[in-house]
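> Data file data_29.txt (compact mmCIF, C-alpha atoms) is appended below.
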# COMPACT_ATOMS: atom_id res chain seq x y z
CA MET O 1 64.41 100.62 12.18
CA GLY O 2 66.01 104.04 12.50
CA THR O 3 69.36 105.06 13.96
CA VAL O 4 70.79 104.66 17.45
CA THR O 5 74.21 105.69 18.76
CA LEU O 6 75.97 104.03 21.69
CA HIS O 7 78.90 105.42 23.66
CA VAL O 8 81.07 102.61 25.00
CA LYS O 9 84.00 102.88 27.42
CA SER O 10 85.59 99.60 26.19
CA LEU O 11 84.61 97.89 22.95
CA LEU O 12 86.16 94.75 21.45
CA GLY O 13 86.58 95.59 17.77
CA GLN O 14 88.01 93.64 14.83
CA ASN O 15 91.60 94.36 15.82
CA GLY O 16 91.39 94.64 19.59
CA TRP O 17 90.00 96.78 22.36
CA LEU O 18 88.85 100.33 21.60
CA LYS O 19 88.40 103.08 24.19
CA ASP O 20 85.61 105.66 24.33
CA ALA O 21 83.93 104.39 21.17
CA ARG O 22 80.81 105.81 19.51
CA LEU O 23 78.93 103.08 17.68
CA THR O 24 76.18 104.19 15.29
CA VAL O 25 73.68 101.61 14.06
CA THR O 26 71.33 102.25 11.15
CA ASN O 27 68.85 99.73 9.73
CA GLY O 28 70.54 96.76 11.33
CA LYS O 29 74.09 97.62 10.22
CA ILE O 30 76.98 99.35 11.93
CA ALA O 31 77.05 102.67 10.08
CA SER O 32 80.11 104.07 11.81
CA LEU O 33 82.57 103.37 14.61
CA GLU O 34 84.64 106.19 16.09
CA THR O 35 87.15 105.98 18.93
CA GLY O 36 88.51 108.39 21.50
CA CYS O 37 85.22 110.29 21.51
CA ALA O 38 83.32 111.97 24.28
CA ALA O 39 79.69 111.04 24.74
CA ARG O 40 77.13 113.31 23.12
CA PRO O 41 73.55 114.12 24.12
CA GLY O 42 71.23 111.26 23.18
CA ASP O 43 73.93 108.57 23.21
CA GLU O 44 73.10 105.29 24.96
CA HIS O 45 75.83 104.56 27.52
CA HIS O 46 77.56 101.20 28.08
CA ASN O 47 80.74 100.16 29.87
CA VAL O 48 81.71 97.11 27.77
CA ILE O 49 80.50 95.78 24.41
CA VAL O 50 81.79 92.66 22.63
CA PRO O 51 80.59 90.78 19.54
CA ALA O 52 77.72 88.35 20.00
CA MET O 53 78.66 84.68 19.66
CA PRO O 54 77.46 82.14 17.04
CA ASN O 55 76.10 78.86 18.43
CA LEU O 56 77.08 76.39 15.73
CA HIS O 57 75.26 73.22 16.86
CA SER O 58 71.81 72.82 18.39
CA HIS O 59 69.04 70.23 18.51
CA ALA O 60 66.21 72.49 19.65
CA PHE O 61 63.71 69.80 20.64
CA GLN O 62 66.20 68.30 23.09
CA ARG O 63 65.81 71.39 25.29
CA ALA O 64 62.68 69.59 26.52
CA MET O 65 64.95 66.96 28.11
CA ALA O 66 67.12 69.33 30.14
CA GLY O 67 67.36 67.98 33.68
CA LEU O 68 65.31 64.87 32.82
CA ALA O 69 68.06 62.44 31.85
CA GLU O 70 70.21 62.42 35.00
CA MET O 71 68.75 59.32 36.72
CA ARG O 72 71.17 56.39 36.98
CA GLY O 73 69.88 53.24 35.30
CA THR O 74 70.39 49.64 36.39
CA GLY O 75 73.29 49.15 34.01
CA SER O 76 76.12 51.34 32.75
CA ASP O 77 74.75 54.64 31.45
CA SER O 78 76.18 56.00 28.21
CA PHE O 79 75.40 58.08 25.15
CA TRP O 80 73.41 55.14 23.81
CA SER O 81 71.14 54.83 26.87
CA TRP O 82 70.66 58.62 26.78
CA ARG O 83 69.68 58.30 23.11
CA THR O 84 66.85 55.94 24.05
CA ASN O 85 65.39 58.65 26.31
CA MET O 86 65.87 61.23 23.55
CA TYR O 87 63.90 59.10 21.09
CA HIS O 88 60.99 59.00 23.55
CA PHE O 89 60.74 62.80 23.47
CA ALA O 90 61.30 62.93 19.72
CA LEU O 91 58.38 60.56 19.10
CA SER O 92 55.95 62.48 21.31
CA MET O 93 56.30 66.09 20.13
CA THR O 94 53.87 67.89 17.84
CA PRO O 95 54.79 70.85 15.60
CA ASP O 96 53.29 73.18 18.22
CA ASP O 97 55.45 71.54 20.90
CA VAL O 98 58.59 71.95 18.81
CA GLU O 99 57.86 75.62 18.17
CA ALA O 100 57.22 76.31 21.87
CA VAL O 101 60.39 74.50 22.99
CA ALA O 102 62.53 76.09 20.26
CA SER O 103 61.20 79.55 21.19
CA GLN O 104 62.18 79.02 24.84
CA LEU O 105 65.60 77.76 23.80
CA TYR O 106 66.34 80.58 21.38
CA MET O 107 65.23 83.13 23.97
CA GLU O 108 67.69 81.58 26.43
CA MET O 109 70.45 81.62 23.81
CA LEU O 110 69.92 85.32 23.23
CA GLU O 111 69.94 86.01 26.96
CA ALA O 112 73.26 84.13 27.11
CA GLY O 113 74.82 86.28 24.37
CA PHE O 114 74.40 84.08 21.30
CA SER O 115 73.05 85.88 18.22
CA ARG O 116 72.89 83.08 15.62
CA VAL O 117 72.10 79.39 15.95
CA GLY O 118 73.04 76.50 13.70
CA GLU O 119 69.97 74.28 14.02
CA PHE O 120 70.93 70.68 13.19
CA HIS O 121 67.33 69.77 12.50
CA TYR O 122 66.30 66.14 12.12
CA LEU O 123 62.83 65.85 13.67
CA HIS O 124 61.03 66.03 10.32
CA HIS O 125 57.87 63.92 10.18
CA ASP O 126 54.61 63.17 11.98
CA LYS O 127 54.49 60.78 14.91
CA ASN O 128 53.88 57.74 12.69
CA GLY O 129 56.80 58.64 10.43
CA SER O 130 54.70 59.99 7.56
CA PRO O 131 55.72 63.33 6.05
CA PHE O 132 53.46 66.28 6.82
CA ALA O 133 51.51 67.73 3.90
CA ASN O 134 54.19 70.42 3.97
CA ILE O 135 57.32 68.30 4.22
CA ALA O 136 59.13 71.30 5.77
CA GLU O 137 56.48 71.80 8.48
CA MET O 138 58.83 71.13 11.37
CA ALA O 139 61.60 73.22 9.84
CA ASP O 140 59.13 76.05 9.36
CA ARG O 141 58.25 75.87 13.07
CA VAL O 142 61.93 76.22 13.95
CA ALA O 143 62.12 79.25 11.65
CA CYS O 144 59.02 80.71 13.33
CA ALA O 145 60.71 80.35 16.72
CA ALA O 146 63.79 82.14 15.41
CA VAL O 147 61.68 85.01 14.06
CA ALA O 148 59.62 85.28 17.25
CA THR O 149 62.73 85.56 19.42
CA GLY O 150 64.91 87.56 17.02
CA ILE O 151 67.82 85.13 16.74
CA ASP O 152 69.57 84.67 13.40
CA LEU O 153 69.18 81.16 11.98
CA THR O 154 71.41 78.87 9.96
CA LEU O 155 69.04 75.98 9.31
CA LEU O 156 70.74 72.65 8.72
CA PRO O 157 68.14 70.06 7.63
CA VAL O 158 69.47 66.61 8.45
CA PHE O 159 69.57 63.73 6.01
CA TYR O 160 69.12 60.54 8.03
CA ALA O 161 68.49 57.24 6.28
CA HIS O 162 70.07 54.34 8.20
CA ALA O 163 70.60 52.94 11.67
CA GLY O 164 74.23 51.94 11.18
CA PHE O 165 77.24 51.75 8.91
CA GLY O 166 76.77 50.07 5.56
CA GLY O 167 73.20 51.20 5.03
CA THR O 168 71.42 49.11 7.67
CA ALA O 169 67.68 49.64 7.95
CA PRO O 170 66.50 52.38 10.35
CA THR O 171 64.83 51.45 13.62
CA ASP O 172 61.24 52.28 14.49
CA GLY O 173 62.49 54.86 16.99
CA GLN O 174 64.09 56.77 14.11
CA ARG O 175 60.95 56.91 11.96
CA ARG O 176 60.47 60.68 12.31
CA PHE O 177 63.99 61.37 11.03
CA ILE O 178 64.08 59.27 7.87
CA ASN O 179 63.99 60.57 4.28
CA SER O 180 64.79 59.27 0.82
CA LEU O 181 67.01 61.48 -1.30
CA ASP O 182 63.98 62.64 -3.32
CA GLN O 183 62.07 63.54 -0.16
CA PHE O 184 65.07 65.32 1.24
CA GLU O 185 65.51 67.44 -1.87
CA LYS O 186 61.89 68.56 -1.50
CA LEU O 187 62.61 69.39 2.14
CA ILE O 188 65.62 71.51 1.17
CA ASN O 189 63.51 73.33 -1.42
CA GLY O 190 60.88 74.03 1.23
CA CYS O 191 63.51 75.41 3.60
CA ASN O 192 64.93 77.63 0.86
CA ASN O 193 61.45 79.03 0.20
CA THR O 194 61.08 79.81 3.90
CA ALA O 195 64.48 81.51 3.98
CA LYS O 196 63.39 83.96 1.28
CA ASN O 197 61.06 85.57 3.81
CA HIS O 198 63.54 85.82 6.70
CA ASP O 199 66.45 88.27 6.71
CA GLY O 200 69.76 86.62 7.41
CA MET O 201 68.49 83.03 7.32
CA VAL O 202 70.97 80.59 5.76
CA VAL O 203 70.11 77.06 4.64
CA GLY O 204 72.88 74.48 4.77
CA VAL O 205 72.73 70.71 4.98
CA ALA O 206 73.61 68.09 7.56
CA PRO O 207 74.25 64.48 6.59
CA HIS O 208 73.70 63.15 10.10
CA SER O 209 76.73 60.87 10.45
CA LEU O 210 78.63 58.19 8.58
CA ARG O 211 76.47 55.61 10.30
CA ALA O 212 73.24 57.25 9.03
CA VAL O 213 74.20 57.88 5.39
CA THR O 214 75.90 55.78 2.73
CA PRO O 215 78.85 57.18 0.76
CA ASP O 216 76.67 57.75 -2.30
CA GLU O 217 74.04 59.53 -0.19
CA LEU O 218 76.70 61.69 1.45
CA ALA O 219 77.97 62.79 -1.96
CA ALA O 220 74.44 63.54 -3.21
CA VAL O 221 73.37 65.50 -0.12
CA SER O 222 76.58 67.54 -0.10
CA GLN O 223 75.73 68.84 -3.57
CA MET O 224 72.29 70.16 -2.62
CA VAL O 225 73.30 73.49 -1.06
CA GLY O 226 76.01 74.86 -3.32
CA ALA O 227 78.62 76.67 -1.25
CA ASN O 228 76.52 76.82 1.93
CA PRO O 229 77.53 75.00 5.14
CA ILE O 230 77.77 71.21 5.45
CA HIS O 231 77.73 69.84 9.01
CA ILE O 232 78.16 66.21 10.11
CA HIS O 233 78.44 64.37 13.44
CA ILE O 234 81.73 62.50 13.46
CA ALA O 235 83.83 60.39 15.86
CA GLU O 236 81.81 61.33 18.94
CA GLN O 237 81.87 57.91 20.58
CA LEU O 238 84.44 55.10 20.72
CA LEU O 239 81.80 52.57 19.66
CA GLU O 240 81.22 54.67 16.54
CA VAL O 241 84.96 54.62 15.79
CA ASN O 242 85.17 50.85 16.20
CA ASP O 243 82.06 50.25 14.07
CA CYS O 244 83.46 52.50 11.34
CA ILE O 245 86.71 50.52 11.32
CA SER O 246 84.74 47.27 11.06
CA TRP O 247 82.77 48.67 8.11
CA SER O 248 85.52 50.45 6.17
CA GLY O 249 88.89 49.65 7.70
CA GLN O 250 89.26 53.35 8.51
CA ARG O 251 88.42 55.61 11.41
CA PRO O 252 85.54 58.10 10.87
CA VAL O 253 87.57 61.30 10.37
CA GLU O 254 90.17 59.33 8.42
CA TRP O 255 87.40 58.10 6.10
CA LEU O 256 86.12 61.66 5.54
CA LEU O 257 89.62 62.92 4.82
CA ASN O 258 90.15 60.17 2.25
CA HIS O 259 86.75 60.28 0.55
CA THR O 260 85.50 63.88 0.65
CA ASP O 261 86.88 67.28 -0.27
CA LEU O 262 86.93 68.79 3.21
CA SER O 263 87.23 72.57 3.41
CA SER O 264 86.00 75.49 5.50
CA GLN O 265 82.52 74.74 4.10
CA TRP O 266 82.45 71.70 6.40
CA CYS O 267 81.90 71.61 10.14
CA LEU O 268 82.81 68.34 11.84
CA ILE O 269 80.70 68.13 14.98
CA HIS O 270 82.57 66.70 17.99
CA ALA O 271 85.49 64.99 16.15
CA THR O 272 86.41 63.83 19.63
CA HIS O 273 88.29 60.63 18.88
CA MET O 274 91.10 61.26 16.39
CA THR O 275 94.69 60.15 16.06
CA ASP O 276 97.38 62.84 15.90
CA ASP O 277 97.58 62.32 12.13
CA GLU O 278 93.82 62.74 11.69
CA THR O 279 93.86 65.81 13.90
CA ALA O 280 96.64 67.50 11.94
CA ARG O 281 95.13 66.60 8.56
CA MET O 282 91.69 67.88 9.57
CA ALA O 283 93.16 71.18 10.77
CA GLN O 284 94.99 71.64 7.50
CA THR O 285 91.78 71.30 5.44
CA GLY O 286 90.24 74.38 7.12
CA ALA O 287 87.21 72.37 8.25
CA ILE O 288 85.74 73.75 11.48
CA ALA O 289 85.66 71.60 14.61
CA GLY O 290 82.17 71.99 16.07
CA LEU O 291 82.84 71.56 19.78
CA CYS O 292 80.04 71.15 22.33
CA PRO O 293 81.98 70.82 25.59
CA ILE O 294 79.01 70.80 27.99
CA THR O 295 77.14 68.10 26.06
CA GLU O 296 80.32 66.12 25.43
CA GLY O 297 80.97 66.19 29.17
CA ASN O 298 77.35 65.39 30.01
CA LEU O 299 77.33 62.36 27.70
CA GLY O 300 80.80 61.16 28.67
CA ASP O 301 82.04 61.42 25.09
CA GLY O 302 85.71 62.17 25.70
CA THR O 303 88.18 65.03 25.28
CA PHE O 304 88.87 66.81 21.99
CA PRO O 305 92.61 67.01 21.08
CA ALA O 306 92.59 70.82 21.11
CA GLU O 307 96.31 71.38 21.71
CA THR O 308 97.35 69.29 18.68
CA PHE O 309 94.57 70.77 16.55
CA LEU O 310 95.42 74.39 17.35
CA ALA O 311 99.13 73.76 16.83
CA GLN O 312 98.21 73.09 13.19
CA ASN O 313 96.14 76.31 13.01
CA GLY O 314 92.86 74.43 13.35
CA LYS O 315 89.65 76.39 13.73
CA PHE O 316 86.79 75.67 16.13
CA GLY O 317 83.47 77.06 17.26
CA ILE O 318 81.11 76.14 20.09
CA GLY O 319 77.59 74.78 20.17
CA SER O 320 75.10 73.88 22.87
CA ASP O 321 74.04 70.60 21.16
CA SER O 322 71.62 68.84 23.56
CA ASN O 323 70.90 72.19 25.23
CA VAL O 324 71.17 70.88 28.76
CA GLN O 325 72.73 74.26 29.63
CA ILE O 326 72.98 77.47 27.62
CA SER O 327 76.11 79.41 28.52
CA ILE O 328 79.00 80.88 26.54
CA PRO O 329 81.34 81.01 29.59
CA SER O 330 80.50 77.44 30.60
CA GLU O 331 81.16 76.03 27.12
CA LEU O 332 84.51 77.79 26.84
CA ARG O 333 85.53 77.02 30.42
CA GLN O 334 84.64 73.34 30.04
CA LEU O 335 86.77 73.17 26.90
CA GLU O 336 89.77 74.75 28.61
CA TYR O 337 89.39 72.70 31.79
CA SER O 338 89.16 69.46 29.80
CA GLN O 339 92.57 70.30 28.33
CA ARG O 340 94.01 71.19 31.74
CA LEU O 341 92.86 67.88 33.16
CA HIS O 342 94.20 65.95 30.18
CA HIS O 343 97.58 67.68 30.03
CA HIS O 344 97.98 68.37 33.78
CA SER O 345 98.70 72.04 33.11
CA ARG O 346 97.08 75.47 33.28
CA ASN O 347 96.19 77.89 30.47
CA ALA O 348 96.46 75.05 27.98
CA ILE O 349 94.90 76.71 24.92
CA ALA O 350 96.44 80.21 25.07
CA ASN O 351 99.73 81.17 23.45
CA VAL O 352 102.60 82.47 25.58
CA SER O 353 101.72 85.76 27.34
CA SER O 354 98.16 85.62 25.98
CA SER O 355 94.85 85.72 27.81
CA THR O 356 93.12 82.33 27.82
CA GLY O 357 89.67 83.93 27.88
CA ARG O 358 90.47 86.15 24.91
CA THR O 359 91.99 83.23 22.99
CA LEU O 360 88.94 81.04 23.55
CA PHE O 361 86.54 83.86 22.69
CA ASP O 362 88.32 84.85 19.48
CA HIS O 363 88.58 81.26 18.24
CA ALA O 364 84.92 80.49 18.95
CA LEU O 365 83.76 83.73 17.35
CA ALA O 366 85.69 83.24 14.11
CA GLY O 367 85.12 79.50 13.80
CA GLY O 368 81.42 79.78 14.56
CA ALA O 369 80.98 82.52 11.97
CA THR O 370 82.65 80.44 9.27
CA ALA O 371 80.66 77.34 10.17
CA LEU O 372 77.33 79.19 9.96
CA ALA O 373 78.14 81.46 6.99
CA ALA O 374 77.61 84.39 9.34
CA ASP O 375 78.79 87.98 9.52
CA THR O 376 80.43 88.71 12.86
CA GLY O 377 82.65 91.25 14.58
CA ILE O 378 82.22 94.96 15.29
CA SER O 379 83.30 97.36 12.56
CA ALA O 380 81.65 99.70 10.06
CA GLY O 381 79.53 97.82 7.55
CA LYS O 382 79.06 94.73 9.71
CA THR O 383 75.71 93.42 10.88
CA ALA O 384 74.94 94.94 14.28
CA ASN O 385 75.11 91.79 16.43
CA PHE O 386 76.75 92.54 19.78
CA ILE O 387 76.27 92.33 23.53
CA SER O 388 76.95 94.53 26.51
CA LEU O 389 78.56 93.04 29.59
CA ASN O 390 77.57 94.02 33.10
CA THR O 391 80.84 94.71 34.91
CA ASP O 392 79.40 96.24 38.09
CA GLU O 393 80.92 93.47 40.23
CA ALA O 394 84.31 93.81 38.55
CA SER O 395 84.60 97.45 37.52
CA TYR O 396 88.32 97.39 38.27
CA LEU O 397 89.01 95.09 35.29
CA SER O 398 89.88 96.15 31.76
CA GLU O 399 90.39 94.66 28.33
CA ASP O 400 91.20 90.93 28.20
CA HIS O 401 90.80 90.56 31.97
CA ILE O 402 87.10 91.26 31.37
CA LEU O 403 86.81 88.16 29.19
CA ASP O 404 88.87 86.09 31.64
CA ALA O 405 86.57 87.10 34.50
CA TRP O 406 83.42 86.45 32.45
CA ILE O 407 84.54 82.98 31.38
CA PHE O 408 86.37 81.72 34.45
CA ALA O 409 84.89 83.62 37.40
CA GLU O 410 81.42 84.59 36.10
CA THR O 411 81.58 87.82 38.07
CA ILE O 412 80.49 89.46 34.80
CA THR O 413 77.11 88.84 33.17
CA VAL O 414 75.33 89.61 29.91
CA GLY O 415 73.38 92.87 30.00
CA ASP O 416 71.83 93.80 26.64
CA VAL O 417 71.88 91.94 23.33
CA TRP O 418 71.36 93.39 19.85
CA VAL O 419 70.64 91.30 16.74
CA ARG O 420 70.53 93.14 13.42
CA GLY O 421 70.46 96.36 15.37
CA LYS O 422 67.41 95.45 17.44
CA LYS O 423 67.77 95.18 21.20
CA VAL O 424 66.19 91.80 21.95
CA VAL O 425 67.56 91.43 25.49
CA GLN O 426 67.57 94.25 28.04
CA ASN O 427 69.19 93.94 31.47
CA GLY O 428 69.62 90.20 30.92
CA ARG O 429 65.96 89.55 30.09
CA HIS O 430 64.46 88.86 26.68
CA ILE O 431 61.85 91.41 25.62
CA ALA O 432 59.27 88.66 24.95
CA ARG O 433 60.01 86.43 27.96
CA ASN O 434 56.59 87.04 29.53
CA HIS O 435 54.94 85.54 26.44
CA ILE O 436 57.42 82.78 25.53
CA ALA O 437 58.12 81.22 28.94
CA PRO O 438 54.49 80.48 29.96
CA ARG O 439 53.85 78.74 26.64
CA PHE O 440 56.93 76.58 27.20
CA GLN O 441 55.84 75.71 30.75
CA THR O 442 52.43 74.58 29.52
CA THR O 443 53.99 72.54 26.72
CA MET O 444 56.35 70.78 29.12
CA ARG O 445 53.59 69.90 31.56
CA ASN O 446 51.58 68.37 28.73
CA LEU O 447 54.57 66.41 27.40
CA LEU O 448 55.44 65.01 30.82
CA ALA O 449 51.83 64.08 31.49
CA SER O 450 51.49 62.13 28.23
Translate this file's structure into C-alpha cells.


Amino acid sequence: MGTVTLHVKSLLGQNGWLKDARLTVTNGKIASLETGCAARPGDEHHNVIVPAMPNLHSHAFQRAMAGLAEMRGTGSDSFWSWRTNMYHFALSMTPDDVEAVASQLYMEMLEAGFSRVGEFHYLHHDKNGSPFANIAEMADRVACAAVATGIDLTLLPVFYAHAGFGGTAPTDGQRRFINSLDQFEKLINGCNNTAKNHDGMVVGVAPHSLRAVTPDELAAVSQMVGANPIHIHIAEQLLEVNDCISWSGQRPVEWLLNHTDLSSQWCLIHATHMTDDETARMAQTGAIAGLCPITEGNLGDGTFPAETFLAQNGKFGIGSDSNVQISIPSELRQLEYSQRLHHHSRNAIANVSSSTGRTLFDHALAGGATALAADTGISAGKTANFISLNTDEASYLSEDHILDAWIFAETITVGDVWVRGKKVVQNGRHIARNHIAPRFQTTMRNLLAS
C-alpha cells in the first residue's frame, strides 16, 4: 500500500486537538504522528482531520425501504405495522439484491464518515425458508459488499427462533430468519471462514431479542463466539416490555441483568424503556447502549434515559439501524434534541463548560469501538481510519466549535475518508460510486416492480 504523509492544521488526537500535525500512514497503520511541524514537499494538505466513526447497528437490507414506509395507514401506525412492510421486502430479496443494496448502503456510510459497520444480519435463508447450500450465503454477500466498498465489518449473525416470549412458534413471515442451534453453529463457522480472508473482519453474535430466543438458547448462542461482541435488541417498544413482564414477571433489561453476565462484551440495542434502577445497573455493568436515534424517532420508539445513564458513567455508541438516513451529525443531534425536549433544557448531555458536540462525538466513538471490537482514534500504531472535514463555510471556527458546527449547524461536511490507510472517499464521493449506484438503482426498480 505504500506510505503517505498528511499535513493537518487541526487534528483530533487521542488526548485532544493537535496543531500543525504530520500524519504518516504506512500499510494501513499510522506509522507516526508529529505536532507543531511545518509542511514538507509531497505532504497532502488538510485543514481538519478527526477519527472515523463506528456504526454499531445496521440491517443492510432495510436500506431498500428508505422513503417507502411513510404512508399513513387506516389505523394507528406503529413499529409493528412498519415491521409488516419490512417483512415484505425481506421475503422478496435474492442474494444478488442483498449484495447490491448493502453495497449502496456501505458506500453511503463511508461518505458519511463511518469506517466500520456492525451488521446485525438476520436475513439468512432462501425465499421459502430453506437454507442455501452454503448456509452463510447471505452473510457472504454482506461481506462482499463490505470488501467492494472498503468499509470494515463486524458481522453479527442473528439467532432468531421464535415469534414471541416463551418460545412461541415463528410466523411464516419470519421463515427466512429462523435457525435451530445446530444450523446456527454451522452459520457461525461459515462466517468465521469468510473472516479469515478479510482483514479486520470481526464475527460476533446477535441473539435477536428476548422474544425471539429462549433463555437456554440465549445461553448457548452467547458461548459461540468466545470474547467477541454479543448484541441484542432490548426494550425498544412498550408492548415488548409488557409482554416480557407477562412472561417472566420482569422487565426486559431487568431480566438480562438478573440472568446474564453483562459486561462490555454486550451491546444492548435501543434499551429505550428502562426504570432508573435498570438504567443505573446497566451502566455499571459496562454494557454498551446501542442507540439509533433516527430510527427510534422514525418508529416512534421513545426516548433513551441518557442523562441518568451517563451520570452512572454509562457508555453508548450510535447505529443507523433501519438505514432510513445515514448521517453522523443527524444521529448525534437527534439524541441530544430528544434529551432537550424531555428535560426542557439545552446542552443536556455535556458536562459543565464542555462542548456538547465534542461530548457526543467522544462518547459515540469510544462506545462504538468497544461494541464492535474495533481499533479507533488517531495515534501512532493505530489503524488509519479517519476523515477530513470540509470547513470552507466555517473557516473561522477551531477545535471543539468545529464539531459543534458539524453536528448542530451542518455548515461543515465530510471531505475525504480513509479506511486502513486507503482513501475510499474523495471530496465527499466514494471512489466506486459510478459502479455501485447504478447497480442499486436497477435492483430497486426490479424489487418495486415485483

> Tell me, as a count of residues only, which residues lie within 9 Å of Gly367 of chain O, counting only C-alpha atoms; anything in the same chain fewer than 5 positions away does not count.

11

> As a list of chain:residue names, please: the residues near Ile30 of chain O (cut-off 10 Å, only C-alpha atoms, same-chain neighbours under 6 positions excluded).

O:Thr3, O:Val4, O:Thr5, O:Leu23, O:Thr24, O:Ile378, O:Ser379, O:Ala380, O:Gly381, O:Lys382, O:Thr383, O:Ala384, O:Asn385, O:Arg420, O:Gly421

> Can you work out the spacing between atom CA of Leu153 of chain O and atom CA of Leu403 of chain O in Å, to one decimal?

25.6 Å

> Go through O:Ser320, O:Ser395, O:Ser209, O:Thr168 and flag the residue nearest Val117 of chain O, using only C-alpha atoms for the distances.

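Under the stated criterion, the closest residue is O:Ser320.
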
> Using all atoms listed in the file, which of the listed residues (O:Thr154, O:Thr275, O:Thr303, O:Asn197) sits closest to Ile230 of chain O?

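For Ile230 of chain O, the nearest of the given residues is O:Thr154.
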
> For Ser264 of chain O, please output as a PyMOL selection string all residues within 8 Å (counting all atoms listed in the file; exclusion window: fewer than 4 positions along the same chain).

chain O and resi 285-288+370-371

> Let's have the selection written as an mmCIF file, in the frame of the given file, with C-alpha atoms.


data_model
loop_
_atom_site.group_PDB
_atom_site.id
_atom_site.type_symbol
_atom_site.label_atom_id
_atom_site.label_comp_id
_atom_site.auth_asym_id
_atom_site.auth_seq_id
_atom_site.Cartn_x
_atom_site.Cartn_y
_atom_site.Cartn_z
ATOM 1 C CA THR O 285 91.780 71.300 5.440
ATOM 2 C CA GLY O 286 90.240 74.380 7.120
ATOM 3 C CA ALA O 287 87.210 72.370 8.250
ATOM 4 C CA ILE O 288 85.740 73.750 11.480
ATOM 5 C CA THR O 370 82.650 80.440 9.270
ATOM 6 C CA ALA O 371 80.660 77.340 10.170
#

> Around segment 33-50 of chain O, with edges along x, y and z and 5 Å added on all six sides, what centre and edge lengths do you get, in Å to one decimal, as AutoDock Vina command-line options?


--center_x 79.9 --center_y 103.4 --center_z 22.2 --size_x 27.3 --size_y 31.5 --size_z 25.3

> Please compute the atom CA of Ala38 of chain O-atom CA of Phe361 of chain O distance, one decimal, in Å.

28.3 Å

> Mind pulling up the distance from atom CA of Lys29 of chain O to atom CA of Gln14 of chain O?

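Interatomic distance, atom CA of Gln14 of chain O to atom CA of Lys29 of chain O: 15.2 Å.
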
> Would you please work out which residue, of O:Val25, O:Ala112, O:Ile326, O:Ala163, is nearest to Asp43 of chain O when using all atoms listed in the file?

O:Val25

> So which one's closest to Ile402 of chain O, O:Ala21, O:Ile49, O:Cys292, O:Ala306? Using only C-alpha atoms, please.

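Smallest distance to Ile402 of chain O is found for O:Ile49.
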
> Got a sec: who's within 9 Å of Asp20 of chain O, counting only C-alpha atoms, leaving out chain neighbours fewer than 2 positions off, as a PDB file with C-alpha atoms, in the coordinates of the input?


ATOM      1  CA  HIS O   7      78.900 105.420  23.660  1.00  0.00           C
ATOM      2  CA  VAL O   8      81.070 102.610  25.000  1.00  0.00           C
ATOM      3  CA  LYS O   9      84.000 102.880  27.420  1.00  0.00           C
ATOM      4  CA  SER O  10      85.590  99.600  26.190  1.00  0.00           C
ATOM      5  CA  LEU O  11      84.610  97.890  22.950  1.00  0.00           C
ATOM      6  CA  LEU O  18      88.850 100.330  21.600  1.00  0.00           C
ATOM      7  CA  ARG O  22      80.810 105.810  19.510  1.00  0.00           C
ATOM      8  CA  GLU O  34      84.640 106.190  16.090  1.00  0.00           C
ATOM      9  CA  THR O  35      87.150 105.980  18.930  1.00  0.00           C
ATOM     10  CA  GLY O  36      88.510 108.390  21.500  1.00  0.00           C
ATOM     11  CA  CYS O  37      85.220 110.290  21.510  1.00  0.00           C
ATOM     12  CA  ALA O  38      83.320 111.970  24.280  1.00  0.00           C
ATOM     13  CA  ALA O  39      79.690 111.040  24.740  1.00  0.00           C
TER      14      ALA O  39
END

> Which of these, O:Ile387, O:Met109, O:Ile151, O:Ile328, has the shortest distance to Pro51 of chain O once you count all atoms listed in the file?

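For Pro51 of chain O, the nearest of the given residues is O:Ile387.
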
> So which residues touch Ala60 of chain O within 9 Å, counting all atoms listed in the file, skipping near sequence neighbours fewer than 5 positions away, as a list of chain:residue names?

O:Val98, O:Val101, O:Ala102, O:Ser103, O:Leu105, O:Tyr106, O:Glu119, O:Phe120, O:His121, O:Val142, O:Asp321, O:Ser322, O:Asn323

> Restricting the calculation to all atoms listed in the file, which member of O:His273, O:Arg358, O:Lys19, O:Arg141 is positioned closest to Pro252 of chain O?

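Closest candidate: O:His273.
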
> Show me as a PDB file with C-alpha atoms, in the coordinates of the input the residues that reach within 6 Å of (74.4, 72.6, 8.3), counting all atoms listed in the file and using the file's own coordinates.


ATOM      1  CA  LEU O 156      70.740  72.650   8.720  1.00  0.00           C
ATOM      2  CA  GLY O 204      72.880  74.480   4.770  1.00  0.00           C
ATOM      3  CA  VAL O 205      72.730  70.710   4.980  1.00  0.00           C
ATOM      4  CA  ALA O 206      73.610  68.090   7.560  1.00  0.00           C
ATOM      5  CA  PRO O 229      77.530  75.000   5.140  1.00  0.00           C
ATOM      6  CA  ILE O 230      77.770  71.210   5.450  1.00  0.00           C
ATOM      7  CA  HIS O 231      77.730  69.840   9.010  1.00  0.00           C
TER       8      HIS O 231
END

> Please produce segment 26-32 of chain O, completed to N, CA and C atoms, as a PDB file, in the frame of the given file.


ATOM      1  N   THR O  26      72.432 101.814  12.003  1.00  0.00           N
ATOM      2  CA  THR O  26      71.330 102.250  11.150  1.00  0.00           C
ATOM      3  C   THR O  26      70.807 101.060  10.354  1.00  0.00           C
ATOM      4  N   ASN O  27      69.509 100.797  10.486  1.00  0.00           N
ATOM      5  CA  ASN O  27      68.850  99.730   9.730  1.00  0.00           C
ATOM      6  C   ASN O  27      69.581  98.391   9.840  1.00  0.00           C
ATOM      7  N   GLY O  28      69.968  98.069  11.061  1.00  0.00           N
ATOM      8  CA  GLY O  28      70.540  96.760  11.330  1.00  0.00           C
ATOM      9  C   GLY O  28      72.024  96.613  11.053  1.00  0.00           C
ATOM     10  N   LYS O  29      72.665  97.660  10.538  1.00  0.00           N
ATOM     11  CA  LYS O  29      74.090  97.620  10.220  1.00  0.00           C
ATOM     12  C   LYS O  29      74.846  98.648  11.063  1.00  0.00           C
ATOM     13  N   ILE O  30      76.131  98.383  11.258  1.00  0.00           N
ATOM     14  CA  ILE O  30      76.980  99.350  11.930  1.00  0.00           C
ATOM     15  C   ILE O  30      77.368 100.413  10.905  1.00  0.00           C
ATOM     16  N   ALA O  31      76.808 101.598  11.051  1.00  0.00           N
ATOM     17  CA  ALA O  31      77.050 102.670  10.080  1.00  0.00           C
ATOM     18  C   ALA O  31      78.404 103.316  10.284  1.00  0.00           C
ATOM     19  N   SER O  32      78.810 103.461  11.546  1.00  0.00           N
ATOM     20  CA  SER O  32      80.110 104.070  11.810  1.00  0.00           C
ATOM     21  C   SER O  32      80.613 103.651  13.181  1.00  0.00           C
TER      22      SER O  32
END
